[in-house]
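One file, protein.cif, is given below (mmCIF, C-alpha atoms and all ligand atoms).
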```
data_query
#
loop_
_atom_site.label_atom_id
_atom_site.label_comp_id
_atom_site.auth_asym_id
_atom_site.auth_seq_id
_atom_site.Cartn_x
_atom_site.Cartn_y
_atom_site.Cartn_z
CA MET A 1 -21.35 27.92 -1.12
CA LEU A 2 -22.69 26.81 -4.46
CA ILE A 3 -22.36 23.09 -5.01
CA LYS A 4 -22.79 21.74 -8.49
CA ARG A 5 -24.15 18.27 -8.72
CA SER A 6 -22.93 15.91 -11.38
CA PRO A 7 -25.59 13.77 -13.12
CA ASN A 8 -24.89 10.85 -10.76
CA GLY A 9 -25.31 13.08 -7.71
CA ARG A 10 -21.66 13.22 -6.72
CA ASP A 11 -20.31 16.61 -5.80
CA LEU A 12 -18.02 18.11 -8.38
CA PRO A 13 -14.82 19.69 -7.10
CA PHE A 14 -14.95 23.43 -6.63
CA ALA A 15 -12.95 25.28 -9.24
CA SER A 16 -11.32 27.12 -6.33
CA GLU A 17 -9.70 23.90 -5.17
CA ILE A 18 -7.56 23.73 -8.20
CA THR A 19 -6.16 27.21 -7.54
CA PRO A 20 -2.42 27.21 -8.22
CA ARG A 21 -0.16 27.20 -5.20
CA GLU A 22 1.13 30.78 -5.84
CA ILE A 23 -2.38 32.03 -5.37
CA TYR A 24 -2.83 30.25 -2.04
CA GLU A 25 0.50 31.67 -0.96
CA GLU A 26 -0.67 35.17 -1.82
CA ARG A 27 -3.89 34.55 0.05
CA ARG A 28 -1.97 33.32 3.03
CA LYS A 29 0.16 36.44 3.10
CA PHE A 30 -2.95 38.54 2.79
CA LEU A 31 -4.51 36.70 5.72
CA ALA A 32 -1.38 37.12 7.79
CA ARG A 33 -1.51 40.85 7.14
CA ILE A 34 -5.14 40.99 8.21
CA ALA A 35 -4.30 38.93 11.29
CA ALA A 36 -1.60 41.37 12.27
CA GLY A 37 -3.86 44.36 11.77
CA ALA A 38 -7.06 45.67 13.24
CA ALA A 39 -9.20 43.08 11.55
CA ALA A 40 -7.87 40.26 13.75
CA GLY A 41 -10.64 38.81 15.86
CA SER A 42 -13.26 40.65 13.87
CA ALA A 43 -16.03 39.28 11.74
CA LEU A 44 -13.96 40.15 8.68
CA TRP A 45 -11.10 37.99 9.94
CA GLU A 46 -13.49 35.11 10.57
CA LEU A 47 -14.89 35.45 7.10
CA ALA A 48 -11.47 35.60 5.43
CA ASN A 49 -10.33 32.60 7.44
CA ARG A 50 -13.37 30.53 6.50
CA GLN A 51 -13.01 31.45 2.89
CA ALA A 52 -9.32 30.57 2.77
CA PHE A 53 -10.14 27.19 4.32
CA ALA A 54 -12.92 26.44 1.88
CA GLN A 55 -10.64 27.38 -0.99
CA GLY A 56 -7.97 24.97 0.17
CA ALA A 57 -5.41 27.14 1.96
CA ALA A 58 -2.01 25.49 1.71
CA LEU A 59 -1.29 22.82 4.28
CA GLN A 60 2.06 22.39 5.96
CA LYS A 61 4.39 20.06 4.04
CA LEU A 62 5.40 16.84 5.77
CA ALA A 63 8.49 14.92 4.71
CA ALA A 64 8.18 11.12 4.62
CA GLN A 65 10.17 8.28 3.08
CA PRO A 66 8.11 6.29 0.57
CA ASN A 67 7.94 2.70 1.82
CA PRO A 68 8.31 0.40 -1.22
CA ALA A 69 6.59 -2.46 0.64
CA TYR A 70 3.33 -0.51 0.55
CA ARG A 71 2.88 0.65 -3.01
CA THR A 72 0.22 -0.12 -5.56
CA PRO A 73 0.25 0.15 -9.34
CA GLU A 74 -3.30 1.53 -9.15
CA GLN A 75 -3.89 5.16 -9.92
CA GLN A 76 -4.04 7.40 -6.86
CA THR A 77 -7.24 9.24 -6.07
CA THR A 78 -6.82 12.97 -6.66
CA PHE A 79 -6.22 15.18 -3.63
CA THR A 80 -9.39 17.08 -4.52
CA ASP A 81 -11.53 13.93 -4.44
CA ALA A 82 -9.88 12.61 -1.28
CA THR A 83 -10.58 15.89 0.54
CA SER A 84 -14.08 16.70 -0.72
CA TYR A 85 -15.87 13.33 -0.51
CA ASN A 86 -15.57 12.26 3.11
CA ASN A 87 -17.28 10.68 6.06
CA PHE A 88 -16.75 12.56 9.33
CA TYR A 89 -20.10 12.57 11.09
CA GLU A 90 -18.92 14.98 13.79
CA PHE A 91 -19.24 17.60 11.02
CA GLY A 92 -22.43 16.36 9.35
CA THR A 93 -23.56 13.35 7.38
CA ASP A 94 -23.28 14.65 3.80
CA LYS A 95 -20.13 13.73 1.91
CA SER A 96 -19.36 17.44 1.39
CA ASP A 97 -19.92 18.43 5.04
CA PRO A 98 -16.40 17.59 6.29
CA HIS A 99 -14.88 19.69 3.50
CA ASP A 100 -17.23 22.57 4.18
CA ASN A 101 -17.36 22.52 7.98
CA THR A 102 -14.05 21.32 9.43
CA GLN A 103 -12.43 24.76 9.46
CA THR A 104 -13.62 25.06 13.08
CA LEU A 105 -11.47 22.09 14.17
CA ARG A 106 -8.45 23.31 16.19
CA THR A 107 -5.60 20.85 15.81
CA ARG A 108 -3.06 22.67 18.05
CA PRO A 109 -2.62 22.31 20.96
CA TRP A 110 -3.62 18.62 20.79
CA THR A 111 -2.81 15.74 23.08
CA VAL A 112 -3.43 12.02 22.88
CA ALA A 113 -3.88 10.18 26.20
CA ILE A 114 -2.61 6.60 26.18
CA GLU A 115 -4.14 4.71 29.04
CA GLY A 116 -5.64 1.53 30.43
CA GLU A 117 -3.77 -1.77 30.47
CA VAL A 118 -0.25 -0.39 29.92
CA LYS A 119 2.80 -0.17 32.17
CA LYS A 120 3.66 3.32 30.89
CA PRO A 121 0.51 5.40 30.46
CA VAL A 122 1.32 8.79 28.96
CA THR A 123 -0.33 11.87 27.51
CA LEU A 124 1.56 12.84 24.39
CA ASP A 125 1.55 16.18 22.69
CA ILE A 126 0.84 15.72 18.99
CA ASP A 127 4.22 17.19 18.02
CA SER A 128 6.07 14.60 20.11
CA LEU A 129 3.77 11.80 18.96
CA ILE A 130 4.71 12.56 15.34
CA LYS A 131 8.39 12.09 16.25
CA LEU A 132 8.05 8.64 17.84
CA ALA A 133 9.12 6.87 14.65
CA PRO A 134 10.29 7.86 11.16
CA LEU A 135 7.43 8.97 8.94
CA GLU A 136 6.72 6.78 5.93
CA GLU A 137 4.55 7.30 2.90
CA ARG A 138 2.34 4.30 2.21
CA VAL A 139 -0.19 4.09 -0.59
CA TYR A 140 -3.23 2.23 0.73
CA ARG A 141 -6.66 1.52 -0.65
CA LEU A 142 -9.45 2.46 1.75
CA ARG A 143 -12.87 0.92 1.14
CA CYS A 144 -15.98 2.34 2.75
CA VAL A 145 -18.76 -0.04 3.81
CA GLU A 146 -21.02 2.09 1.57
CA GLY A 147 -19.37 0.58 -1.50
CA TRP A 148 -16.76 3.09 -2.68
CA SER A 149 -13.01 3.15 -2.40
CA MET A 150 -10.03 5.47 -2.80
CA VAL A 151 -6.25 5.04 -3.17
CA ILE A 152 -4.39 7.47 -0.94
CA PRO A 153 -0.70 8.16 -0.21
CA TRP A 154 -0.87 8.32 3.59
CA ILE A 155 1.93 9.47 5.90
CA GLY A 156 2.57 7.90 9.28
CA PHE A 157 4.17 4.90 10.93
CA SER A 158 3.02 1.48 12.14
CA LEU A 159 0.83 1.82 15.20
CA SER A 160 2.95 -0.97 16.74
CA ASN A 161 5.75 1.61 17.29
CA LEU A 162 3.55 3.48 19.72
CA ILE A 163 2.13 0.34 21.34
CA LYS A 164 5.60 -1.06 22.10
CA GLN A 165 6.64 2.17 23.84
CA VAL A 166 3.78 2.11 26.37
CA GLU A 167 4.31 -1.58 27.23
CA PRO A 168 0.86 -3.18 27.31
CA THR A 169 0.20 -5.47 30.28
CA GLY A 170 -0.82 -9.12 29.85
CA ASN A 171 -4.44 -7.99 30.24
CA ALA A 172 -4.38 -5.83 27.12
CA LYS A 173 -6.45 -7.78 24.59
CA TYR A 174 -8.02 -4.87 22.68
CA VAL A 175 -7.20 -1.28 21.79
CA GLU A 176 -9.89 1.39 21.74
CA PHE A 177 -9.58 4.61 19.74
CA ILE A 178 -11.59 7.58 20.91
CA SER A 179 -12.13 10.65 18.74
CA LEU A 180 -12.61 14.22 19.92
CA ALA A 181 -16.26 15.10 20.62
CA ASP A 182 -16.41 18.86 21.17
CA PRO A 183 -19.72 20.42 20.16
CA ARG A 184 -18.07 23.87 19.95
CA GLN A 185 -15.74 22.66 17.21
CA MET A 186 -17.88 19.88 15.77
CA PRO A 187 -21.45 20.87 14.92
CA GLY A 188 -22.49 17.27 14.13
CA VAL A 189 -21.89 16.21 17.73
CA ARG A 190 -25.12 18.02 18.65
CA SER A 191 -27.07 15.54 16.54
CA HIS A 192 -27.80 12.00 17.61
CA VAL A 193 -26.77 10.07 14.50
CA LEU A 194 -24.11 8.26 16.55
CA ASP A 195 -23.20 7.89 20.21
CA TRP A 196 -20.36 10.37 20.83
CA PRO A 197 -17.47 10.25 21.17
CA TYR A 198 -16.79 8.20 18.05
CA VAL A 199 -15.26 4.97 19.33
CA GLU A 200 -13.50 2.30 17.32
CA GLY A 201 -11.32 -0.63 18.26
CA LEU A 202 -9.03 -3.43 17.20
CA ARG A 203 -7.93 -6.70 18.72
CA MET A 204 -4.38 -6.40 20.02
CA ASP A 205 -2.83 -8.58 17.28
CA GLU A 206 -4.64 -6.53 14.62
CA ALA A 207 -3.34 -3.30 16.13
CA MET A 208 0.19 -4.74 16.19
CA HIS A 209 0.06 -5.77 12.53
CA PRO A 210 2.54 -3.61 10.57
CA LEU A 211 -0.18 -2.55 8.10
CA ALA A 212 -2.14 -0.70 10.82
CA LEU A 213 -0.97 2.88 10.31
CA LEU A 214 -0.97 5.71 12.81
CA THR A 215 -1.55 8.48 10.29
CA VAL A 216 -0.61 12.14 10.47
CA GLY A 217 -0.49 13.19 6.83
CA MET A 218 -1.33 12.48 3.22
CA TYR A 219 -0.15 13.68 -0.22
CA GLY A 220 3.06 15.05 1.27
CA GLN A 221 1.28 17.33 3.73
CA VAL A 222 -0.19 17.23 7.22
CA LEU A 223 -3.67 15.67 7.34
CA PRO A 224 -6.38 18.03 6.15
CA ASN A 225 -8.97 18.55 8.89
CA GLN A 226 -11.64 16.69 6.94
CA ASN A 227 -9.43 13.58 6.81
CA GLY A 228 -9.04 13.41 10.58
CA ALA A 229 -6.32 15.88 11.59
CA PRO A 230 -4.10 15.85 13.47
CA VAL A 231 -3.97 12.08 13.97
CA ARG A 232 -6.08 9.10 12.90
CA VAL A 233 -5.61 5.43 12.21
CA VAL A 234 -5.84 3.78 8.80
CA VAL A 235 -6.63 0.06 8.86
CA PRO A 236 -6.72 -0.77 5.15
CA TRP A 237 -8.05 -4.34 5.32
CA LYS A 238 -11.18 -3.22 7.18
CA TYR A 239 -14.10 -1.02 6.15
CA GLY A 240 -13.30 2.68 6.39
CA PHE A 241 -15.29 3.28 9.56
CA LYS A 242 -12.69 1.31 11.57
CA SER A 243 -10.19 4.07 10.74
CA ALA A 244 -11.09 6.59 13.46
CA LYS A 245 -10.24 10.26 12.89
CA SER A 246 -9.02 13.06 15.17
CA ILE A 247 -8.08 10.72 18.01
CA VAL A 248 -7.62 12.07 21.55
CA ARG A 249 -7.46 8.82 23.55
CA ILE A 250 -6.07 5.34 22.97
CA ARG A 251 -7.15 2.89 25.64
CA PHE A 252 -5.88 -0.65 26.15
CA ARG A 253 -8.52 -3.01 27.49
CA LYS A 254 -9.27 -6.56 28.61
CA ASP A 255 -12.67 -6.61 26.93
CA GLN A 256 -13.86 -5.80 23.43
CA PRO A 257 -14.85 -2.13 23.10
CA ASN A 258 -18.42 -1.19 22.19
CA THR A 259 -17.79 0.74 19.04
CA SER A 260 -20.08 3.55 17.90
CA TRP A 261 -21.19 1.70 14.77
CA MET A 262 -21.94 -1.53 16.68
CA VAL A 263 -24.10 0.48 19.07
CA ALA A 264 -25.83 2.27 16.16
CA GLY A 265 -26.59 -0.92 14.19
CA PRO A 266 -25.54 -4.20 15.81
CA THR A 267 -26.94 -6.33 12.98
CA GLU A 268 -25.22 -4.22 10.31
CA TYR A 269 -21.80 -3.38 11.77
CA GLY A 270 -19.70 -5.95 13.58
CA PHE A 271 -16.55 -5.48 15.57
CA TYR A 272 -14.24 -7.03 12.96
CA SER A 273 -15.62 -5.40 9.81
CA ASN A 274 -12.97 -6.92 7.59
CA VAL A 275 -13.57 -6.11 3.94
CA ASN A 276 -15.24 -9.29 2.70
CA PRO A 277 -17.01 -9.65 -0.66
CA ASN A 278 -18.66 -12.88 0.60
CA VAL A 279 -20.48 -11.29 3.52
CA ASP A 280 -23.09 -8.79 2.38
CA HIS A 281 -24.29 -5.88 4.46
CA PRO A 282 -27.93 -6.73 5.38
CA ARG A 283 -29.12 -3.94 3.03
CA TRP A 284 -26.68 -4.20 0.12
CA SER A 285 -24.09 -6.39 -1.55
CA GLN A 286 -20.40 -6.01 -0.76
CA ALA A 287 -19.24 -7.88 -3.87
CA THR A 288 -18.21 -4.81 -5.87
CA GLU A 289 -17.15 -1.23 -5.32
CA ARG A 290 -16.79 1.98 -7.25
CA ARG A 291 -13.50 3.80 -7.24
CA ILE A 292 -13.94 7.50 -6.52
CA GLY A 293 -12.80 9.44 -9.58
CA GLU A 294 -13.93 6.75 -12.00
CA ASP A 295 -17.53 7.91 -11.82
CA GLY A 296 -19.50 8.67 -14.92
CA PHE A 297 -21.77 6.91 -17.32
CA PHE A 298 -19.27 4.17 -18.17
CA GLN A 299 -18.02 3.77 -14.63
CA ARG A 300 -16.41 0.42 -14.13
CA LYS A 301 -17.53 -1.75 -11.23
CA ARG A 302 -14.54 -3.20 -9.44
CA LYS A 303 -14.65 -6.55 -7.70
CA THR A 304 -14.12 -6.16 -3.99
CA LEU A 305 -11.20 -8.26 -2.76
CA MET A 306 -11.05 -10.28 0.47
CA PHE A 307 -9.34 -8.14 3.12
CA ASN A 308 -9.38 -5.36 0.50
CA GLY A 309 -6.54 -7.29 -1.16
CA TYR A 310 -4.26 -7.28 1.92
CA ASN A 311 -3.91 -11.06 2.16
CA GLU A 312 -1.03 -10.80 4.59
CA VAL A 313 -3.56 -10.34 7.40
CA ALA A 314 -5.38 -13.63 6.71
CA SER A 315 -3.46 -15.53 9.40
CA LEU A 316 -4.92 -13.21 12.08
CA TYR A 317 -8.27 -14.87 11.42
CA SER A 318 -7.34 -18.50 10.84
CA GLY A 319 -9.99 -20.79 12.29
CA MET A 320 -12.52 -17.94 12.68
CA ASP A 321 -15.89 -18.01 10.96
CA LEU A 322 -15.84 -14.59 9.29
CA LYS A 323 -19.59 -14.74 8.62
CA LYS A 324 -20.19 -14.96 12.35
CA TYR A 325 -17.42 -12.51 13.25
CA PHE A 326 -18.35 -9.95 10.60
N1 LIG A 401 -14.22 10.23 14.16
C1 LIG A 401 -14.66 9.72 13.00
N2 LIG A 401 -13.85 8.90 12.29
C2 LIG A 401 -14.28 8.38 11.11
C3 LIG A 401 -15.59 8.63 10.64
C4 LIG A 401 -16.42 9.49 11.41
O1 LIG A 401 -17.59 9.78 11.06
N3 LIG A 401 -15.92 10.02 12.57
N4 LIG A 401 -16.02 8.07 9.45
C5 LIG A 401 -15.33 6.83 9.03
C6 LIG A 401 -15.70 6.38 7.70
S1 LIG A 401 -17.26 5.73 7.52
C7 LIG A 401 -14.82 6.37 6.65
S2 LIG A 401 -15.22 5.68 5.15
C8 LIG A 401 -13.48 7.01 6.78
C9 LIG A 401 -13.30 8.04 5.68
O2 LIG A 401 -11.99 8.57 5.70
P1 LIG A 401 -11.60 9.71 4.67
O3 LIG A 401 -12.67 10.74 4.71
O4 LIG A 401 -10.27 10.23 5.09
O5 LIG A 401 -11.53 9.05 3.32
O6 LIG A 401 -13.30 7.66 8.04
C10 LIG A 401 -13.81 6.94 9.15
N5 LIG A 401 -13.43 7.59 10.39
MO MO A 402 -17.26 4.51 5.60
#
```
Could I get this file's structure written as structure tokens?
Ligand SMILES: Nc1nc2c(c(=O)[nH]1)N[C@H]1C(S)=C(S)[C@@H](COP(=O)(O)O)O[C@H]1N2
Ligand SMILES: [Mo]
Amino acid sequence: MLIKRSPNGRDLPFASEITPREIYEERRKFLARIAAGAAAGSALWELANRQAFAQGAALQKLAAQPNPAYRTPEQQTTFTDATSYNNFYEFGTDKSDPHDNTQTLRTRPWTVAIEGEVKKPVTLDIDSLIKLAPLEERVYRLRCVEGWSMVIPWIGFSLSNLIKQVEPTGNAKYVEFISLADPRQMPGVRSHVLDWPYVEGLRMDEAMHPLALLTVGMYGQVLPNQNGAPVRVVVPWKYGFKSAKSIVRIRFRKDQPNTSWMVAGPTEYGFYSNVNPNVDHPRWSQATERRIGEDGFFQRKRKTLMFNGYNEVASLYSGMDLKKYF
């Protein structure tokens, strides 16, 4: 795959990603015909499948009611940017790797085990999980600790809907999110950049906050693989790495989980990781950010906002020294 680099080093979208929908539909029909015929299972089938994925084969539509409480006047990031500039280390560490490599991720069948300090532990099939509560569209900013941000129309429902159903015990003080770690589907898992599986976590009251979104789609469609299909969390007041992708296990615990990023760099990544312009990363400032899509010579630097602008979460941290609990 030829990747053109823009002068600032950011990958430009492939022309093929802006293929009109009719053309994807044709390609899909073509693929279905191949699948039905002798080519199925052959190298040709594999090749066609890979190519269709890389060219942005149409994703299944997902209906969701826009929730007016979670809108923003800011311009939304384009679908192309949101699906070609990603972090998903299970597929490689370059921003283009998730786009290029996640076609090997199999999102059906998929189950999520809900376990630990709950009265009703359960293993849910993804298709029943999606039906636990009405799907909403919520436009959230997501800011990466690296200093860039996007504005994305996510689809999902408050994680609290799921938590209430499994009835946490009095011992449940934290929730741990565990991503799939299958080296056959995820080539990056063979490298040692992080301790696999990818583990993230929230304090119970954070997880219960209505903003914390159990996410199954974006832009009116199911989640693209590179964005963490079939289910991830989005915690918009925290740095992006708290929003674990492709989750297979949600565990309720007494003690604070050891998250992958804390293990990788304890002085750089704390458990809370709230977006905070007053607490710099040891190697760079967190005072400003660049909005993906605004790149270019005259790119404007945006001021990073406390809690990424989601001030309604401030009361969760009253009395806490957020420099100490970074
Ligand atoms: N399992 C897993 N989840 C992950 C990551 C990852 O490498 N593996 N990267 C995180 C980081 S650093 C960011 S910024 C966001 C990016 O989400 P997006 O690609 O959908 O914008 O996903 C987060 N979730
Ligand atoms: Mo990130």
Quick one: residues within 6 Å of Leu202 of chain A, all atoms listed in the file counted, chain neighbours fewer than 4 positions away excluded, as a PDB file with C-alpha atoms, in the coordinates of the input?
```pdb
ATOM      1  CA  TYR A 174      -8.020  -4.870  22.680  1.00  0.00           C
ATOM      2  CA  VAL A 175      -7.200  -1.280  21.790  1.00  0.00           C
ATOM      3  CA  GLU A 206      -4.640  -6.530  14.620  1.00  0.00           C
ATOM      4  CA  ALA A 207      -3.340  -3.300  16.130  1.00  0.00           C
TER       5      ALA A 207
END
```
Open item on the list: So, with all atoms listed in the file as the atoms that count, which of A:Arg249, A:Arg143, A:Lys323, A:Lys238 lies closest to Asp280 of chain A?
Closed with: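 Checking each of A:Arg249, A:Arg143, A:Lys323, A:Lys238 against Asp280 of chain A, counting all atoms listed in the file, the winner is A:Lys323.
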Task: Expected selection as an MDAnalysis selection string for ligand LIG 401 (chain A) within 9 Å, only C-alpha atoms and all ligand atoms - done: chainID A and resid 82:93 95 98 142:146 148:150 152 178:181 194 197:200 223:224 226:228 232:234 239:247
TODO: Record the distance separating atom CA of Glu136 of chain A and atom CA of Asn276 of chain A, expressed in Å with one decimal.
DONE: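 So the answer is 27.4 Å.
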Open item on the list: Nearest residue to ligand MO 402 (chain A) out of A:Phe307, A:Asp100, A:Thr78, A:Val275, using all atoms listed in the file?
Closed with: A:Val275
Open item on the list: Under the rule that only C-alpha atoms and all ligand atoms are counted, which of A:Trp261, A:Tyr310, A:Tyr272, A:Phe298 is the nearest residue to ligand MO 402 (chain A)?
Closed with: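 The closest residue to ligand MO 402 (chain A) is A:Trp261.
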Task: Distance of atom CA of Thr102 of chain A from atom CA of Tyr219 of chain A, expressed in Å to one decimal place - done: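 Interatomic distance, atom CA of Tyr219 of chain A to atom CA of Thr102 of chain A: 18.6 Å.
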TODO: Using all atoms listed in the file, determine which residues lie at most 9 Å from Arg290 of chain A, disregarding the query and same-chain residues fewer than 5 positions distant; provide the list as a list in words.
DONE: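 Here the answer would be Gly147, Trp148, Ser149, Met150, Asp295, Gln299, Arg300, Lys301, Arg302 and Lys303 of chain A.
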